[in-house]
Amino acid sequence: MAITASMVKELREMTGAGMMDCKKALNETNGNMDEAVEFLRKNGEAKAVKKAGRIAAEGIVMADVADDKKAAIVEVNSETDFVAKNDEFKEFVANVVKQALETSSADMDAFLAESWVADSSQTVKDALVAKIARIGENLNIRRFEKLESDGCIVSYIHGGGRIGVLVDADTDVVNDEVKKCLRNVAMQIAAMTPKYVSRDEVSQDYLDKEKEILLAQAKQENPNKPENIIEKMIIGRLNKELKEVCLLDQVYVQDGDLTVGKYVEKVAKENGANLSIKRFIRFETGEGIEKKKEDFAAEVAAQMAGN
């Protein structure tokens, strides 16, 4: 039976095994899909199949910066914190960062289809599937971002990879003091979770929505107050909120007398630099992923019952 590309693709999607392994399995089984799946399982190539549905919400964020001008940040998930601390897993994530640093892909599907940086005979997806089979947990390259700058990029990793931050600044001076400043800003972002660099980035849609929410709250709390007073209350509350979500308006955590914006201005003046924060990226491991609640007593009971 002739083995077609669509058959190889279907088997690969079913098992997560490599393309050449799928082609071999189909040849060995004369194109029988069920037998090909069994062939891959017997040969250890489809160990990832049963693991693919399990929730991977642990893991680490890792970043890499080249010559202050180019950077990448990735989040790779595992099922357990134990694996996230494993040296083999960390080495794999380090290679994923190297891949991201050089990638031209704009989305994850294209990224996974690229030739693997550590072994050009594999794709990134092949390497991921092989690592799942070896480690024995579901793993997921969840996201990546890449930055290139004419100024300076710094990275900061917090909590052994729980949070990662890249900060890109426009600057005509790149020295140790400027880099220290940007690293301090990255630490601020890790701790205080801003959404925007400055108020200039805040959309009118966001402002309108927040005003609507604040108006409803104010009317509920103060049903007898006149509209003009409530309007002033809303403006005050909105300004307070913007100081929390806009990085440059936040109180600088290492000096409560300064905002982050004023701190950056201070360092710029001291170093004769034209320095401004252009953008930032903040990844937190597992954010937005619903974690599975383990019931270990039930799990042990099920195993004892032979399930």
# chains A, B, ... in the order shown; residues from 1 in each chain; ligands from 1

$ select_by_dssp --residues "stretch 53-249 of chain A" --states "strand (DSSP E or B)" --output "short mmCIF file (atom, residue, chain, number, x, y, z; two decimals) with N, CA, C and O atoms, in the first residue's frame"
data_model
loop_
_atom_site.label_atom_id
_atom_site.label_comp_id
_atom_site.auth_asym_id
_atom_site.auth_seq_id
_atom_site.Cartn_x
_atom_site.Cartn_y
_atom_site.Cartn_z
N ILE A 60 9.05 26.48 33.96
CA ILE A 60 9.89 27.66 34.19
C ILE A 60 9.82 28.63 33.01
O ILE A 60 9.51 28.25 31.90
N VAL A 61 10.14 29.87 33.34
CA VAL A 61 10.36 30.91 32.34
C VAL A 61 11.87 31.13 32.26
O VAL A 61 12.55 31.15 33.29
N MET A 62 12.39 31.26 31.05
CA MET A 62 13.82 31.50 30.87
C MET A 62 14.01 32.54 29.78
O MET A 62 13.21 32.63 28.85
N ALA A 63 15.05 33.35 29.92
CA ALA A 63 15.34 34.40 28.94
C ALA A 63 16.81 34.38 28.57
O ALA A 63 17.65 33.87 29.30
N ASP A 64 17.11 34.95 27.41
CA ASP A 64 18.49 35.06 26.95
C ASP A 64 18.63 36.39 26.22
O ASP A 64 17.74 36.80 25.47
N VAL A 65 19.74 37.09 26.46
CA VAL A 65 20.01 38.38 25.82
C VAL A 65 21.36 38.31 25.13
O VAL A 65 22.35 37.87 25.72
N ALA A 66 21.42 38.73 23.87
CA ALA A 66 22.66 38.73 23.10
C ALA A 66 23.10 40.16 22.81
O ALA A 66 22.37 40.92 22.17
N LYS A 70 19.50 41.98 21.38
CA LYS A 70 18.55 40.96 20.93
C LYS A 70 18.23 40.05 22.11
O LYS A 70 19.13 39.67 22.86
N ALA A 71 16.96 39.70 22.27
CA ALA A 71 16.58 38.88 23.42
C ALA A 71 15.38 38.01 23.10
O ALA A 71 14.60 38.30 22.19
N ALA A 72 15.25 36.93 23.86
CA ALA A 72 14.09 36.05 23.76
C ALA A 72 13.70 35.61 25.15
O ALA A 72 14.54 35.51 26.06
N ILE A 73 12.41 35.32 25.31
CA ILE A 73 11.89 34.80 26.58
C ILE A 73 10.89 33.71 26.25
O ILE A 73 10.13 33.81 25.27
N VAL A 74 10.93 32.61 27.01
CA VAL A 74 10.04 31.48 26.75
C VAL A 74 9.45 30.98 28.06
O VAL A 74 10.01 31.18 29.14
N GLU A 75 8.29 30.35 27.93
CA GLU A 75 7.70 29.60 29.04
C GLU A 75 7.51 28.17 28.58
O GLU A 75 6.87 27.92 27.55
N VAL A 76 8.10 27.23 29.32
CA VAL A 76 7.93 25.81 29.04
C VAL A 76 7.34 25.17 30.29
O VAL A 76 7.88 25.32 31.39
N ASN A 77 6.23 24.46 30.10
CA ASN A 77 5.50 23.90 31.24
C ASN A 77 5.75 22.42 31.43
O ASN A 77 6.01 21.69 30.47
N SER A 115 13.66 23.46 12.37
CA SER A 115 14.75 22.54 12.67
C SER A 115 15.29 22.84 14.07
O SER A 115 15.56 23.99 14.41
N TRP A 116 15.44 21.81 14.88
CA TRP A 116 15.83 21.95 16.30
C TRP A 116 17.29 22.39 16.43
O TRP A 116 18.18 21.83 15.80
N ASP A 119 19.78 19.66 17.40
CA ASP A 119 19.89 18.49 16.52
C ASP A 119 19.08 18.78 15.26
O ASP A 119 17.86 18.63 15.25
N SER A 120 19.76 19.17 14.20
CA SER A 120 19.07 19.62 12.99
C SER A 120 18.30 18.51 12.27
O SER A 120 17.52 18.79 11.37
N SER A 121 18.50 17.25 12.70
CA SER A 121 17.73 16.16 12.09
C SER A 121 16.32 16.08 12.65
O SER A 121 15.48 15.33 12.14
N GLN A 122 16.06 16.85 13.72
CA GLN A 122 14.75 16.87 14.35
C GLN A 122 14.10 18.24 14.18
O GLN A 122 14.78 19.25 13.97
N THR A 123 12.77 18.28 14.31
CA THR A 123 12.08 19.56 14.47
C THR A 123 11.99 19.86 15.97
O THR A 123 12.29 19.00 16.81
N ASN A 140 5.06 21.24 27.68
CA ASN A 140 4.45 22.11 26.69
C ASN A 140 5.27 23.38 26.52
O ASN A 140 5.54 24.08 27.50
N ILE A 141 5.72 23.63 25.28
CA ILE A 141 6.32 24.94 24.99
C ILE A 141 5.14 25.88 24.79
O ILE A 141 4.51 25.89 23.73
N ARG A 142 4.83 26.66 25.79
CA ARG A 142 3.58 27.41 25.80
C ARG A 142 3.65 28.70 24.99
O ARG A 142 2.73 29.03 24.25
N ARG A 143 4.75 29.43 25.12
CA ARG A 143 4.83 30.73 24.44
C ARG A 143 6.28 31.20 24.37
O ARG A 143 7.13 30.77 25.14
N PHE A 144 6.52 32.10 23.43
CA PHE A 144 7.83 32.72 23.30
C PHE A 144 7.63 34.12 22.73
O PHE A 144 6.65 34.40 22.05
N GLU A 145 8.58 34.99 23.03
CA GLU A 145 8.61 36.31 22.40
C GLU A 145 10.07 36.69 22.18
O GLU A 145 10.96 36.30 22.94
N LYS A 146 10.29 37.47 21.14
CA LYS A 146 11.64 37.88 20.76
C LYS A 146 11.65 39.40 20.60
O LYS A 146 10.72 39.99 20.08
N LEU A 147 12.73 40.04 21.08
CA LEU A 147 12.88 41.48 20.95
C LEU A 147 14.21 41.81 20.27
O LEU A 147 15.22 41.14 20.50
N GLU A 148 14.19 42.86 19.47
CA GLU A 148 15.42 43.43 18.94
C GLU A 148 15.38 44.93 19.18
O GLU A 148 14.31 45.55 19.07
N CYS A 152 18.95 49.20 24.45
CA CYS A 152 19.49 48.20 25.38
C CYS A 152 18.35 47.34 25.93
O CYS A 152 17.30 47.86 26.31
N ILE A 153 18.57 46.03 25.96
CA ILE A 153 17.61 45.10 26.55
C ILE A 153 18.27 44.41 27.74
O ILE A 153 19.42 43.98 27.66
N VAL A 154 17.53 44.29 28.84
CA VAL A 154 18.00 43.51 29.98
C VAL A 154 16.92 42.49 30.34
O VAL A 154 15.75 42.65 30.01
N SER A 155 17.34 41.45 31.03
CA SER A 155 16.40 40.42 31.50
C SER A 155 16.51 40.28 33.01
O SER A 155 17.53 40.62 33.62
N TYR A 156 15.43 39.76 33.59
CA TYR A 156 15.43 39.46 35.02
C TYR A 156 14.57 38.22 35.23
O TYR A 156 13.44 38.15 34.73
N ILE A 157 15.11 37.24 35.94
CA ILE A 157 14.38 36.01 36.25
C ILE A 157 14.22 35.93 37.76
O ILE A 157 15.19 36.04 38.51
N HIS A 158 12.99 35.76 38.19
CA HIS A 158 12.68 35.74 39.63
C HIS A 158 12.21 34.34 40.05
O HIS A 158 11.52 33.65 39.31
N ILE A 163 8.95 33.80 37.39
CA ILE A 163 8.61 35.01 36.65
C ILE A 163 9.82 35.44 35.84
O ILE A 163 10.96 35.39 36.33
N GLY A 164 9.60 35.84 34.61
CA GLY A 164 10.67 36.36 33.77
C GLY A 164 10.25 37.67 33.13
O GLY A 164 9.08 37.85 32.77
N VAL A 165 11.20 38.59 33.02
CA VAL A 165 10.91 39.92 32.47
C VAL A 165 12.01 40.34 31.49
O VAL A 165 13.20 40.11 31.76
N LEU A 166 11.60 40.92 30.37
CA LEU A 166 12.51 41.62 29.47
C LEU A 166 12.13 43.09 29.46
O LEU A 166 10.94 43.42 29.38
N VAL A 167 13.11 43.97 29.53
CA VAL A 167 12.89 45.41 29.42
C VAL A 167 13.72 45.95 28.28
O VAL A 167 14.93 45.72 28.22
N ASP A 168 13.07 46.66 27.37
CA ASP A 168 13.72 47.27 26.22
C ASP A 168 13.68 48.78 26.40
O ASP A 168 12.61 49.36 26.59
N ALA A 169 14.87 49.42 26.35
CA ALA A 169 14.95 50.86 26.55
C ALA A 169 15.61 51.55 25.37
O ALA A 169 16.53 51.01 24.76
N ASP A 170 15.10 52.72 25.04
CA ASP A 170 15.79 53.60 24.11
C ASP A 170 16.84 54.36 24.91
O ASP A 170 16.51 55.04 25.89
N THR A 171 18.10 54.25 24.52
CA THR A 171 19.16 54.95 25.23
C THR A 171 20.37 55.16 24.33
O THR A 171 20.68 54.30 23.50
N TYR A 196 0.94 48.45 31.43
CA TYR A 196 1.39 49.37 30.39
C TYR A 196 2.68 50.06 30.85
O TYR A 196 2.98 50.13 32.04
N CYS A 246 0.16 51.50 35.25
CA CYS A 246 1.16 52.10 34.35
C CYS A 246 2.52 52.13 35.05
O CYS A 246 2.68 52.75 36.11
#

$ residues_around --residues "A:Ala5" --least-positions-apart "5" --cutoff "12 Å" --atoms "only C-alpha atoms" --output "list in words"
Glu10, Leu11, Arg12, Met19, Met20, Cys22, Lys23, Leu26 and Gly31 of chain A

$ write_last_selection --atoms "N, CA and C atoms" --output "JSON list (two decimals), in the first residue's frame"
[["chain", "number", "residue", "atom", "x", "y", "z"],
["A", 10, "GLU", "N", -1.55, 12.43, 9.69],
["A", 10, "GLU", "CA", -2.60, 11.98, 10.60],
["A", 10, "GLU", "C", -2.02, 11.18, 11.77],
["A", 11, "LEU", "N", -1.08, 10.27, 11.46],
["A", 11, "LEU", "CA", -0.47, 9.46, 12.51],
["A", 11, "LEU", "C", 0.36, 10.33, 13.46],
["A", 12, "ARG", "N", 1.03, 11.31, 12.88],
["A", 12, "ARG", "CA", 1.85, 12.20, 13.71],
["A", 12, "ARG", "C", 0.98, 12.99, 14.67],
["A", 19, "MET", "N", 8.10, 12.59, 12.30],
["A", 19, "MET", "CA", 7.60, 12.31, 10.95],
["A", 19, "MET", "C", 8.20, 11.01, 10.39],
["A", 20, "MET", "N", 9.52, 10.85, 10.51],
["A", 20, "MET", "CA", 10.17, 9.66, 9.95],
["A", 20, "MET", "C", 9.74, 8.40, 10.69],
["A", 22, "CYS", "N", 6.80, 7.97, 12.07],
["A", 22, "CYS", "CA", 5.44, 7.68, 11.60],
["A", 22, "CYS", "C", 5.47, 7.00, 10.23],
["A", 23, "LYS", "N", 6.33, 7.50, 9.36],
["A", 23, "LYS", "CA", 6.44, 6.91, 8.03],
["A", 23, "LYS", "C", 6.91, 5.45, 8.12],
["A", 26, "LEU", "N", 4.06, 3.20, 9.43],
["A", 26, "LEU", "CA", 3.06, 2.93, 8.40],
["A", 26, "LEU", "C", 3.57, 1.93, 7.37],
["A", 31, "GLY", "N", 0.25, 0.45, 6.15],
["A", 31, "GLY", "CA", -0.71, 1.55, 6.14],
["A", 31, "GLY", "C", -1.86, 1.42, 7.11]]

$ atom_distance --atom1 "atom CA of A:Glu102" --atom2 "atom CA of A:Val129"
21.3 Å

$ atom_distance --atom1 "atom CA of A:Gly151" --atom2 "atom CA of A:Lys269"
16.8 Å

$ select_by_dssp --residues "stretch 71-298 of chain A" --states "helix (DSSP H, G or I)" --output "number ranges by chain"
A: 81-84, 87-102, 108-112, 124-135, 176-192, 199-201, 204-221, 227-245, 247-249, 260-270, 296-298

$ atom_distance --atom1 "atom CA of A:Val96" --atom2 "atom CA of A:Ala190"
21.8 Å

$ closest_residue --among "A:Ala191, A:Ala94, A:Ala36, A:Val260" --to "A:Gly159" --atoms "only C-alpha atoms"
A:Ala191

$ residues_around --residues "stretch 81-86 of chain A" --least-positions-apart "5" --cutoff "12 Å" --atoms "only C-alpha atoms" --output "list of chain:residue names"
A:Ala56, A:Ala57, A:Glu58, A:Gly59, A:Ile60, A:Val61, A:Met62, A:Glu75, A:Val76, A:Glu91, A:Phe92, A:Val93, A:Lys131, A:Ile132, A:Arg134, A:Ile135, A:Gly136, A:Glu137, A:Asn138, A:Leu139, A:Asn140, A:Gly159, A:Gly160, A:Gly161, A:Arg162, A:Thr285, A:Gly286
